Amino acid sequence: MSDTLTARSLSRRRFVQSSGALLFAAQCPVGLSRKAYAGGAGAMMNSFVRIDPNNVITMLANNSEFGNGAYTVMSMMLAEELDVDYRSIALEAAPTTPEYYSPLFREYLTAGSVTTGSTFMPMRTAGAKARAMLLEAASQDWQVPSAELTTEGGKVTHAASGRSSTYGELLEAIHRLDIQPPETVALKDPSEFKILGKPARRYEGAGKVDGSAEFGIDIKLPGMLYGAIARPPVHSGSVIDFDATESLAMPGVVKVKAIRAGVVVLADSYWRAQKARAKLKIEWDRGVNDGVSSEQFYADYRALADTPGLLAEDIGDAIGALDAAETAGNVIEATYEMPLLAHATLEPMNCIARVEGDTCTIWSGTQYQSNDQEVISRFLGIPQQNVTIHRPLMGGSFGRRSSKTADYTVEAVEAAMGESVPVQIIWSREEDIRSGHYRPLFVHKLRGSVDESGMPEAWHQVAVGQSLMQGTKHDPGYMVRGIDIYSLDGCLQEPFGVFPYGTSYQIPNHRVESHNAPKKGIVPQEWRSVGHTHTGIAYECFLDEMAHKGGIDPMELRLRLTKDHARMNRVLSVLKEKCDWDKPLAPGRGRGVASRIYNISPVAQAVEVTVAENGDFTVDRVVCVVDCGFAVNPLGIEGQVEGGLAYGLGGVAFGNIDIVNGEVQQSNFHDYPVMRLPQMPKVEVHILPSDEPPTGIGEQATTPIAPAVANALFNATGRRVRRFPLSSQGFNLV
Amino acid sequence: MKLTVNGNEVEVTSEADTPLLWVLRDELNLVGTKFGCGIAQCGACTVHLDGVAIRSCVTPVAAVANKDIQTIEGQATETGLSPVQQAWLETDVAQCGYCQSGQIMAATALLAQNANPSDPEIDAAMAGNICRCGTYPRIRKAVHLAAALIAEEQSA
């Protein structure tokens, strides 16, 4: 991992500091493989582009599509440099080989809102290099100068002689003349862009309105069996014994067997498999998590927060300043508590596996192919390259399908072992809510003081929760001195690990500590916008408390604290104007603001709420200003902002997983509510124009909405929520 | 048992208590109708039964014999996409797209009852259809556009 980290942090810093960096174009090393071009019919021009004689251009996509728009932006980048319509490009999921690993992660992983930024140069370069080969072939074959050739609509044309050939027709010349990929190539100047920067509809949108889009759950293979798994009531439980007599007598049931995940029923249809599952009699060993409860987590974490943690940052003298301010009564203190959350993707987890000899093939919606391959190869004791992964479209992911344990994948492989046909495991919604992975529960304790002018003078924060990375293969890559960098997402003022900085605010005395809570009860997992899902609430709500204490308007306070961060300061200035911040609101209404930086992109939101006497509230308006560098697809960005904040709003409003005696209490959408249409606010999105390289937008809007709404509720009612979700404190989003 | 799906009569052999959803998906290979919750909470499985939007995940197949069943696969005609599908495409509604078959079926049923629904009417009619990607603002927009497209079609 260490190479990754260096490259990542360097590139991030460069992005932050450079201006007009879109122009550094041509020299980018993108891992295009020289061996890839094989010639003959259907030529690989490079790792990412294949052209067939019938002029079908195929992109090999090494980022997953789960609603994020990856296929749209990547095809746009390729099409721009190849001078074709992006929707005319065919697309294949690239195989799980190192040449397709993310240049940032050095793994086959789609995560962290980095797809647009990390593919911007590679996909354009792939397109430009393929085009250069086509021009070179035409120039040599037609004996005309390359400079006189033009490309449009998948054709090379020489206007003076009237000659024209499709890209497909030129393959023969490329082969005959032994045209090789160029070492370097000039990319278009942004002023020449015809596709990039213009609103573009979703690449795979048509199949998503006529029902033909194929998700993993839709795949049917000859002879395939369906599997339904009875899972232990407690995470960590295992099967002692089971009686399947009744199940085996039911129609369509082929086999029942114990695997590590539980007891799996294999049948000729999913309905029959899950029906037979209900008739199993299973004796469980409840395992080490028996007795665990989320209320105990809160109590344990609160106690831990009162003890010194691992020191992440200590700027100035926060302790000294707080002690001095204490006597003057200028100190405030608060504890923020955020629950476990499930992802609840609408397409439940599923995976098809086929095990034959020392090879394994899976069909799986996944963000994390190289890890799936690694886990399966270790489990089966076969070489990694013997594991083939077919990646369909995904019905949402939000982090769930980047499972570090490859849980829903490797269990399908285990179920398929010893079977002569492929096996598809489908999770029910109840399994998804009860037996999944979760955004870990976190407690943040904060103390702060204001100076005589009311500005924040000292800040002391202690974060407690289960680490995402500790004890995984990313430890120590994403851990610094034992601290998981994600536990403190957006809380630090100085560079930390791969992050150039966390917050855009500058407070003179700033101390932040972290406790890695004991790993138990659940498997923690990234949830759209990762650590920000809890740090964002703690940091931005407590900052609001500081503004109140110091008697400074919360928007004004943020503008002052970001005076050294030009991009965030610009975002906030625009927000203040667009949201009519200074316009008075009627009684019962309130306004709140929050801002966060995630993967370089500064985002700020202002919300307006109306609160009824009984605590029912509506979010009437959300204004969101984003700076994500050059806006590759404004239409896609707008969609990600609307959807990202809907995800965050549902989470803060009523997202809550309770564990009692080791067992998750919720089970389906009736007791794990999620956002519905009537609750969706009006959203205004403002994308700031920028010449900086593109940065992320998939997770950025999820972060500020939660604290902005909590701050608005305070503004409307004077009541501060410090334990979430809001519904647990009498505030119900309607 | 005989069913009429998208105008075609088909013979199915699933047990009588099998939900229509799984008959459509596993026996008839009409997989555009999706499984999301199994208890009529999310709307991903929405189809039309005699023109009314129903949740196929809780509807036993025995209850729908001799009735007109419409699924997402039956929405486009030889002349192209339905107005609701066109509006969905035009508005670029879908993100992951998994819920959109159900959303389109719910919107189609709504517009058959109410040619020009207001935002609150759209919210009320479509509250049972969850979209985890949060495409809700565009769903509202697309329903209005579909209403306009249908009105245009009828006046032409």
# chains A, B, ... in the order shown; residues from 1 in each chain; ligands from 1
>>> closest_atom_pairs(of="chain B", to="chain A", cutoff="7 Å", atoms="only C-alpha atoms", output="JSON lines")
{"residue": "B:Trp22", "atom": "CA", "partner": "A:Trp271", "partner_atom": "CA", "distance": 6.6}
{"residue": "B:Asp26", "atom": "CA", "partner": "A:Ser269", "partner_atom": "CA", "distance": 6.7}
{"residue": "B:Val31", "atom": "CA", "partner": "A:Asp218", "partner_atom": "CA", "distance": 5.8}
{"residue": "B:Gly32", "atom": "CA", "partner": "A:Gly211", "partner_atom": "CA", "distance": 4.1}
{"residue": "B:Gly36", "atom": "CA", "partner": "A:Leu346", "partner_atom": "CA", "distance": 5.5}
{"residue": "B:Cys37", "atom": "CA", "partner": "A:Arg429", "partner_atom": "CA", "distance": 5.1}
{"residue": "B:Gln41", "atom": "CA", "partner": "A:Phe669", "partner_atom": "CA", "distance": 6.1}
{"residue": "B:Ile72", "atom": "CA", "partner": "A:Gly211", "partner_atom": "CA", "distance": 5.8}
{"residue": "B:Glu73", "atom": "CA", "partner": "A:Gly211", "partner_atom": "CA", "distance": 6.0}
{"residue": "B:Gln85", "atom": "CA", "partner": "A:Val209", "partner_atom": "CA", "distance": 5.6}
{"residue": "B:Trp88", "atom": "CA", "partner": "A:Val209", "partner_atom": "CA", "distance": 6.8}
{"residue": "B:Leu89", "atom": "CA", "partner": "A:Gly205", "partner_atom": "CA", "distance": 6.7}
{"residue": "B:Asp92", "atom": "CA", "partner": "A:Arg201", "partner_atom": "CA", "distance": 5.7}
{"residue": "B:Ala94", "atom": "CA", "partner": "A:Lys208", "partner_atom": "CA", "distance": 6.6}
{"residue": "B:Gln95", "atom": "CA", "partner": "A:Gly67", "partner_atom": "CA", "distance": 4.1}
{"residue": "B:Cys96", "atom": "CA", "partner": "A:Gly67", "partner_atom": "CA", "distance": 3.5}
{"residue": "B:Gly97", "atom": "CA", "partner": "A:Lys208", "partner_atom": "CA", "distance": 5.3}
{"residue": "B:Tyr98", "atom": "CA", "partner": "A:Gly395", "partner_atom": "CA", "distance": 4.8}
{"residue": "B:Gln100", "atom": "CA", "partner": "A:Val209", "partner_atom": "CA", "distance": 6.6}
{"residue": "B:Ser101", "atom": "CA", "partner": "A:Gly211", "partner_atom": "CA", "distance": 6.0}
{"residue": "B:Asp123", "atom": "CA", "partner": "A:Pro678", "partner_atom": "CA", "distance": 4.8}
{"residue": "B:Ala124", "atom": "CA", "partner": "A:Pro678", "partner_atom": "CA", "distance": 6.9}
{"residue": "B:Met126", "atom": "CA", "partner": "A:Leu677", "partner_atom": "CA", "distance": 6.8}
{"residue": "B:Ala127", "atom": "CA", "partner": "A:Leu677", "partner_atom": "CA", "distance": 5.4}
{"residue": "B:Ile130", "atom": "CA", "partner": "A:Arg676", "partner_atom": "CA", "distance": 5.8}
{"residue": "B:Arg132", "atom": "CA", "partner": "A:Leu346", "partner_atom": "CA", "distance": 6.3}
{"residue": "B:Cys133", "atom": "CA", "partner": "A:Gly643", "partner_atom": "CA", "distance": 5.1}
{"residue": "B:Gly134", "atom": "CA", "partner": "A:Gly643", "partner_atom": "CA", "distance": 4.0}
{"residue": "B:Thr135", "atom": "CA", "partner": "A:Gly643", "partner_atom": "CA", "distance": 5.7}
{"residue": "B:Tyr136", "atom": "CA", "partner": "A:Leu677", "partner_atom": "CA", "distance": 5.6}
>>> residues_around(residues="B:Lys2", least_positions_apart="6", cutoff="10 Å", atoms="only C-alpha atoms", output="JSON, numbers by chain")
{"B": [9, 10, 11, 12, 13, 61, 62, 64, 65, 66, 67]}
>>> atom_distance(atom1="atom CA of A:Thr119", atom2="atom CA of A:Arg596")
23.7 Å
>>> atom_distance(atom1="atom CA of B:Thr46", atom2="atom CA of B:Glu152")
26.4 Å
>>> residues_around(residues="stretch 444-448 of chain A", least_positions_apart="3", cutoff="8 Å", atoms="only C-alpha atoms", output="NGL selection string")
:A and (302 or 305-306 or 322 or 331-337 or 456-464 or 535 or 538 or 542 or 546)
>>> residues_around(residues="A:Tyr108", least_positions_apart="2", cutoff="8 Å", atoms="only C-alpha atoms", output="NGL selection string")
:A and (62-63 or 96 or 98 or 100-102 or 105-106 or 110 or 368-371)
>>> write_last_selection(atoms="N, CA, C and O atoms", output="PDB file, in the first residue's frame")
ATOM      1  N   ASN A  62     -12.705   0.025 -16.085  1.00  0.00           N
ATOM      2  CA  ASN A  62     -12.113  -0.508 -14.862  1.00  0.00           C
ATOM      3  C   ASN A  62     -12.650   0.189 -13.610  1.00  0.00           C
ATOM      4  O   ASN A  62     -12.032   0.139 -12.563  1.00  0.00           O
ATOM      5  N   ASN A  63     -13.804   0.857 -13.760  1.00  0.00           N
ATOM      6  CA  ASN A  63     -14.508   1.378 -12.587  1.00  0.00           C
ATOM      7  C   ASN A  63     -15.942   0.870 -12.643  1.00  0.00           C
ATOM      8  O   ASN A  63     -16.521   0.770 -13.726  1.00  0.00           O
ATOM      9  N   THR A  96     -10.017  -8.614 -14.191  1.00  0.00           N
ATOM     10  CA  THR A  96      -9.377  -8.324 -12.902  1.00  0.00           C
ATOM     11  C   THR A  96      -7.887  -8.609 -12.968  1.00  0.00           C
ATOM     12  O   THR A  96      -7.398  -9.578 -12.392  1.00  0.00           O
ATOM     13  N   PRO A  98      -3.809  -6.689 -12.992  1.00  0.00           N
ATOM     14  CA  PRO A  98      -3.178  -5.481 -12.454  1.00  0.00           C
ATOM     15  C   PRO A  98      -3.158  -4.287 -13.413  1.00  0.00           C
ATOM     16  O   PRO A  98      -3.175  -3.143 -12.957  1.00  0.00           O
ATOM     17  N   TYR A 100      -5.418  -3.063 -14.913  1.00  0.00           N
ATOM     18  CA  TYR A 100      -6.655  -2.285 -14.745  1.00  0.00           C
ATOM     19  C   TYR A 100      -6.844  -1.773 -13.322  1.00  0.00           C
ATOM     20  O   TYR A 100      -7.896  -1.240 -12.985  1.00  0.00           O
ATOM     21  N   TYR A 101      -5.856  -1.951 -12.484  1.00  0.00           N
ATOM     22  CA  TYR A 101      -5.983  -1.449 -11.114  1.00  0.00           C
ATOM     23  C   TYR A 101      -6.036   0.083 -11.125  1.00  0.00           C
ATOM     24  O   TYR A 101      -5.463   0.737 -11.993  1.00  0.00           O
ATOM     25  N   SER A 102      -6.720   0.627 -10.143  1.00  0.00           N
ATOM     26  CA  SER A 102      -6.790   2.082 -10.003  1.00  0.00           C
ATOM     27  C   SER A 102      -5.393   2.643  -9.776  1.00  0.00           C
ATOM     28  O   SER A 102      -4.652   2.143  -8.929  1.00  0.00           O
ATOM     29  N   PHE A 105      -5.369   3.659  -5.973  1.00  0.00           N
ATOM     30  CA  PHE A 105      -5.436   2.633  -4.929  1.00  0.00           C
ATOM     31  C   PHE A 105      -4.473   1.479  -5.171  1.00  0.00           C
ATOM     32  O   PHE A 105      -4.210   0.692  -4.272  1.00  0.00           O
ATOM     33  N   ARG A 106      -4.013   1.324  -6.422  1.00  0.00           N
ATOM     34  CA  ARG A 106      -3.226   0.146  -6.816  1.00  0.00           C
ATOM     35  C   ARG A 106      -3.982  -1.139  -6.520  1.00  0.00           C
ATOM     36  O   ARG A 106      -3.418  -2.157  -6.163  1.00  0.00           O
ATOM     37  N   THR A 110     -13.417   0.692  -6.958  1.00  0.00           N
ATOM     38  CA  THR A 110     -14.127   1.934  -7.257  1.00  0.00           C
ATOM     39  C   THR A 110     -14.633   2.479  -5.937  1.00  0.00           C
ATOM     40  O   THR A 110     -15.543   1.907  -5.344  1.00  0.00           O
ATOM     41  N   TYR A 368     -15.107  -3.879  -5.669  1.00  0.00           N
ATOM     42  CA  TYR A 368     -13.775  -4.200  -5.174  1.00  0.00           C
ATOM     43  C   TYR A 368     -13.312  -5.545  -5.720  1.00  0.00           C
ATOM     44  O   TYR A 368     -13.120  -6.509  -4.968  1.00  0.00           O
ATOM     45  N   GLN A 369     -13.098  -5.605  -7.040  1.00  0.00           N
ATOM     46  CA  GLN A 369     -12.819  -6.864  -7.710  1.00  0.00           C
ATOM     47  C   GLN A 369     -11.519  -7.532  -7.285  1.00  0.00           C
ATOM     48  O   GLN A 369     -11.457  -8.739  -7.142  1.00  0.00           O
ATOM     49  N   SER A 370     -10.452  -6.743  -7.134  1.00  0.00           N
ATOM     50  CA  SER A 370      -9.177  -7.383  -6.814  1.00  0.00           C
ATOM     51  C   SER A 370      -9.230  -8.037  -5.433  1.00  0.00           C
ATOM     52  O   SER A 370      -8.635  -9.086  -5.202  1.00  0.00           O
ATOM     53  N   ASN A 371      -9.987  -7.437  -4.528  1.00  0.00           N
ATOM     54  CA  ASN A 371     -10.105  -8.023  -3.191  1.00  0.00           C
ATOM     55  C   ASN A 371     -10.961  -9.290  -3.220  1.00  0.00           C
ATOM     56  O   ASN A 371     -10.621 -10.287  -2.575  1.00  0.00           O
TER      57      ASN A 371
END
>>> select_by_dssp(residues="chain B", states="helix (DSSP H, G or I)", output="ChimeraX atom specification")
/B:20-27,56-58,61-64,72-74,83-90,100-113,119-126,136-155
>>> atom_distance(atom1="atom CA of A:Thr184", atom2="atom CA of A:Leu135")
14.4 Å
>>> residues_around(residues="A:Asp620", least_positions_apart="6", cutoff="12 Å", atoms="only C-alpha atoms", output="ChimeraX atom specification")
/A:589-592,606-611,678-684,709,712,733-734
>>> write_last_selection(atoms="all heavy atoms", output="short mmCIF file (atom, residue, chain, number, x, y, z; two decimals), in the first residue's frame")
data_model
loop_
_atom_site.label_atom_id
_atom_site.label_comp_id
_atom_site.auth_asym_id
_atom_site.auth_seq_id
_atom_site.Cartn_x
_atom_site.Cartn_y
_atom_site.Cartn_z
N ARG A 589 -39.66 28.47 11.73
CA ARG A 589 -38.77 28.08 10.64
C ARG A 589 -37.33 28.33 11.07
O ARG A 589 -37.07 29.13 11.98
CB ARG A 589 -39.08 28.85 9.36
CG ARG A 589 -40.55 28.68 8.92
CD ARG A 589 -40.72 29.07 7.46
NE ARG A 589 -40.01 28.14 6.60
CZ ARG A 589 -39.33 28.48 5.50
NH1 ARG A 589 -39.27 29.74 5.14
NH2 ARG A 589 -38.71 27.58 4.78
N GLY A 590 -36.39 27.64 10.44
CA GLY A 590 -35.00 27.82 10.82
C GLY A 590 -34.07 27.56 9.64
O GLY A 590 -34.47 26.93 8.66
N ARG A 591 -32.86 28.08 9.79
CA ARG A 591 -31.89 27.94 8.72
C ARG A 591 -30.60 27.39 9.33
O ARG A 591 -30.22 27.78 10.45
CB ARG A 591 -31.66 29.33 8.12
CG ARG A 591 -31.13 29.31 6.72
CD ARG A 591 -30.96 30.74 6.21
NE ARG A 591 -32.05 31.20 5.37
CZ ARG A 591 -32.67 32.37 5.51
NH1 ARG A 591 -32.36 33.18 6.49
NH2 ARG A 591 -33.63 32.72 4.67
N GLY A 592 -29.93 26.51 8.60
CA GLY A 592 -28.66 25.98 9.09
C GLY A 592 -27.67 25.83 7.95
O GLY A 592 -28.06 25.72 6.78
N ALA A 606 -26.85 25.06 2.68
CA ALA A 606 -27.72 25.77 3.61
C ALA A 606 -29.11 25.20 3.46
O ALA A 606 -29.55 24.94 2.34
CB ALA A 606 -27.72 27.27 3.30
N VAL A 607 -29.76 24.95 4.58
CA VAL A 607 -31.09 24.36 4.52
C VAL A 607 -32.09 25.24 5.27
O VAL A 607 -31.72 25.96 6.20
CB VAL A 607 -31.14 22.93 5.10
CG1 VAL A 607 -30.10 22.05 4.47
CG2 VAL A 607 -30.97 22.94 6.62
N GLU A 608 -33.34 25.15 4.87
CA GLU A 608 -34.44 25.80 5.59
C GLU A 608 -35.40 24.71 6.05
O GLU A 608 -35.75 23.83 5.26
CB GLU A 608 -35.18 26.77 4.67
CG GLU A 608 -34.35 28.00 4.33
CD GLU A 608 -35.02 28.89 3.28
OE1 GLU A 608 -36.26 28.79 3.11
OE2 GLU A 608 -34.30 29.65 2.62
N VAL A 609 -35.78 24.79 7.32
CA VAL A 609 -36.74 23.81 7.86
C VAL A 609 -37.94 24.53 8.45
O VAL A 609 -37.85 25.70 8.82
CB VAL A 609 -36.10 22.92 8.96
CG1 VAL A 609 -34.92 22.13 8.42
CG2 VAL A 609 -35.67 23.76 10.16
N THR A 610 -39.04 23.81 8.51
CA THR A 610 -40.23 24.27 9.23
C THR A 610 -40.56 23.21 10.27
O THR A 610 -40.66 22.03 9.92
CB THR A 610 -41.43 24.46 8.28
OG1 THR A 610 -41.05 25.38 7.26
CG2 THR A 610 -42.64 24.99 9.03
N VAL A 611 -40.68 23.64 11.53
CA VAL A 611 -40.90 22.67 12.61
C VAL A 611 -42.26 22.92 13.26
O VAL A 611 -42.58 24.05 13.63
CB VAL A 611 -39.80 22.79 13.70
CG1 VAL A 611 -39.87 21.60 14.65
CG2 VAL A 611 -38.42 22.89 13.07
N PRO A 678 -42.12 12.10 -0.54
CA PRO A 678 -42.70 13.28 0.12
C PRO A 678 -41.71 14.01 1.03
O PRO A 678 -41.88 15.19 1.31
CB PRO A 678 -43.86 12.69 0.95
CG PRO A 678 -44.17 11.39 0.32
CD PRO A 678 -42.87 10.87 -0.22
N GLN A 679 -40.68 13.30 1.50
CA GLN A 679 -39.73 13.91 2.44
C GLN A 679 -38.61 14.65 1.71
O GLN A 679 -37.79 15.33 2.33
CB GLN A 679 -39.12 12.82 3.32
CG GLN A 679 -40.15 12.19 4.25
CD GLN A 679 -39.80 10.77 4.64
OE1 GLN A 679 -39.12 10.06 3.92
NE2 GLN A 679 -40.27 10.36 5.80
N MET A 680 -38.56 14.49 0.40
CA MET A 680 -37.44 15.06 -0.37
C MET A 680 -37.58 16.57 -0.52
O MET A 680 -38.60 17.05 -1.02
CB MET A 680 -37.39 14.40 -1.75
CG MET A 680 -36.18 14.81 -2.57
SD MET A 680 -34.64 14.12 -1.90
CE MET A 680 -33.43 15.21 -2.64
N PRO A 681 -36.60 17.32 -0.07
CA PRO A 681 -36.69 18.77 -0.20
C PRO A 681 -36.46 19.24 -1.64
O PRO A 681 -35.99 18.49 -2.49
CB PRO A 681 -35.54 19.27 0.69
CG PRO A 681 -34.58 18.14 0.77
CD PRO A 681 -35.38 16.87 0.60
N LYS A 682 -36.82 20.48 -1.88
CA LYS A 682 -36.41 21.15 -3.12
C LYS A 682 -34.91 21.41 -3.01
O LYS A 682 -34.44 21.89 -1.99
CB LYS A 682 -37.14 22.48 -3.28
CG LYS A 682 -38.65 22.35 -3.37
CD LYS A 682 -39.11 22.25 -4.82
CE LYS A 682 -40.62 22.27 -4.97
NZ LYS A 682 -41.32 21.10 -4.40
N VAL A 683 -34.18 21.07 -4.06
CA VAL A 683 -32.72 21.20 -4.01
C VAL A 683 -32.25 22.13 -5.13
O VAL A 683 -32.67 21.98 -6.28
CB VAL A 683 -32.04 19.82 -4.19
CG1 VAL A 683 -30.52 19.97 -4.13
CG2 VAL A 683 -32.51 18.83 -3.12
N GLU A 684 -31.42 23.09 -4.76
CA GLU A 684 -30.81 23.96 -5.77
C GLU A 684 -29.31 23.69 -5.76
O GLU A 684 -28.67 23.80 -4.72
CB GLU A 684 -31.07 25.44 -5.43
CG GLU A 684 -32.55 25.80 -5.41
CD GLU A 684 -32.82 27.06 -4.59
OE1 GLU A 684 -32.02 28.02 -4.65
OE2 GLU A 684 -33.84 27.07 -3.86
N VAL A 709 -29.03 20.32 8.74
CA VAL A 709 -30.41 20.17 9.20
C VAL A 709 -30.48 20.27 10.73
O VAL A 709 -31.35 20.94 11.28
CB VAL A 709 -31.01 18.82 8.70
CG1 VAL A 709 -32.32 18.51 9.42
CG2 VAL A 709 -31.24 18.88 7.19
N ALA A 712 -30.22 23.78 11.64
CA ALA A 712 -31.45 24.52 11.30
C ALA A 712 -32.54 24.25 12.34
O ALA A 712 -33.30 25.15 12.70
CB ALA A 712 -31.93 24.12 9.90
N LEU A 733 -38.97 13.83 10.47
CA LEU A 733 -39.01 14.37 9.10
C LEU A 733 -40.27 13.85 8.41
O LEU A 733 -40.48 12.64 8.34
CB LEU A 733 -37.76 13.93 8.32
CG LEU A 733 -37.70 14.35 6.85
CD1 LEU A 733 -37.64 15.86 6.70
CD2 LEU A 733 -36.50 13.70 6.16
N VAL A 734 -41.10 14.78 7.96
CA VAL A 734 -42.33 14.35 7.27
C VAL A 734 -42.36 14.90 5.86
O VAL A 734 -41.58 15.76 5.51
CB VAL A 734 -43.61 14.80 8.03
CG1 VAL A 734 -43.69 14.07 9.36
CG2 VAL A 734 -43.62 16.31 8.23
#
>>> select_by_dssp(residues="stretch 359-452 of chain A", states="strand (DSSP E or B)", output="NGL selection string")
:A and (359-363 or 387-390 or 393 or 423-426 or 438-439 or 442-450)
>>> residues_around(residues="stretch 246-248 of chain A", least_positions_apart="3", cutoff="9 Å", atoms="only C-alpha atoms", output="PyMOL selection string")
chain A and resi 243+251-256+265+273+275-281
>>> write_last_selection(atoms="C-alpha atoms", output="tab-separated table (two decimals), in the first residue's frame")
chain	number	residue	atom	x	y	z
A	243	ASP	CA	-32.13	-30.78	10.86
A	251	PRO	CA	-40.59	-29.16	-3.95
A	252	GLY	CA	-37.51	-28.11	-5.91
A	253	VAL	CA	-35.08	-28.48	-2.99
A	254	VAL	CA	-31.83	-30.10	-4.09
A	255	LYS	CA	-29.51	-29.88	-1.12
A	256	VAL	CA	-29.03	-28.35	2.32
A	265	VAL	CA	-30.70	-24.37	0.99
A	273	ALA	CA	-35.17	-22.09	-1.58
A	275	LYS	CA	-39.49	-21.18	1.66
A	276	ALA	CA	-37.57	-24.34	2.56
A	277	ARG	CA	-35.14	-22.27	4.61
A	278	ALA	CA	-37.99	-21.31	6.93
A	279	LYS	CA	-38.46	-25.00	7.80
A	280	LEU	CA	-34.87	-25.60	8.93
A	281	LYS	CA	-34.21	-26.48	12.55
>>> decode(residues="stretch 259-264 of chain A", atoms="all heavy atoms", output="CSV table (one decimal), in the first residue's frame")
chain,number,residue,atom,x,y,z
A,259,ILE,N,-22.5,-24.0,5.8
A,259,ILE,CA,-21.3,-23.2,5.4
A,259,ILE,C,-20.9,-22.3,6.5
A,259,ILE,O,-21.7,-22.2,7.5
A,259,ILE,CB,-21.5,-22.5,4.0
A,259,ILE,CG1,-22.6,-21.5,4.1
A,259,ILE,CG2,-21.7,-23.5,2.9
A,259,ILE,CD1,-22.7,-20.7,2.8
A,260,ARG,N,-19.8,-21.5,6.3
A,260,ARG,CA,-19.4,-20.7,7.4
A,260,ARG,C,-20.5,-19.6,7.7
A,260,ARG,O,-20.7,-19.2,8.9
A,260,ARG,CB,-18.1,-20.0,7.1
A,260,ARG,CG,-16.9,-21.0,7.1
A,260,ARG,CD,-15.7,-20.3,6.6
A,260,ARG,NE,-15.8,-19.6,5.4
A,260,ARG,CZ,-14.9,-18.9,4.8
A,260,ARG,NH1,-13.8,-18.6,5.4
A,260,ARG,NH2,-15.2,-18.3,3.6
A,261,ALA,N,-21.2,-19.1,6.7
A,261,ALA,CA,-22.2,-18.1,6.9
A,261,ALA,C,-23.5,-18.6,7.5
A,261,ALA,O,-24.3,-17.8,8.0
A,261,ALA,CB,-22.5,-17.4,5.5
A,262,GLY,N,-23.7,-19.9,7.5
A,262,GLY,CA,-24.9,-20.4,8.1
A,262,GLY,C,-25.3,-21.7,7.4
A,262,GLY,O,-24.4,-22.5,7.1
A,263,VAL,N,-26.6,-21.9,7.2
A,263,VAL,CA,-27.1,-23.1,6.5
A,263,VAL,C,-27.7,-22.7,5.2
A,263,VAL,O,-28.6,-21.9,5.2
A,263,VAL,CB,-28.1,-23.9,7.4
A,263,VAL,CG1,-28.6,-25.1,6.6
A,263,VAL,CG2,-27.5,-24.3,8.7
A,264,VAL,N,-27.2,-23.3,4.1
A,264,VAL,CA,-27.7,-22.9,2.8
A,264,VAL,C,-28.6,-23.9,2.2
A,264,VAL,O,-28.3,-25.1,2.2
A,264,VAL,CB,-26.6,-22.5,1.8
A,264,VAL,CG1,-25.6,-23.7,1.6
A,264,VAL,CG2,-27.1,-22.0,0.5
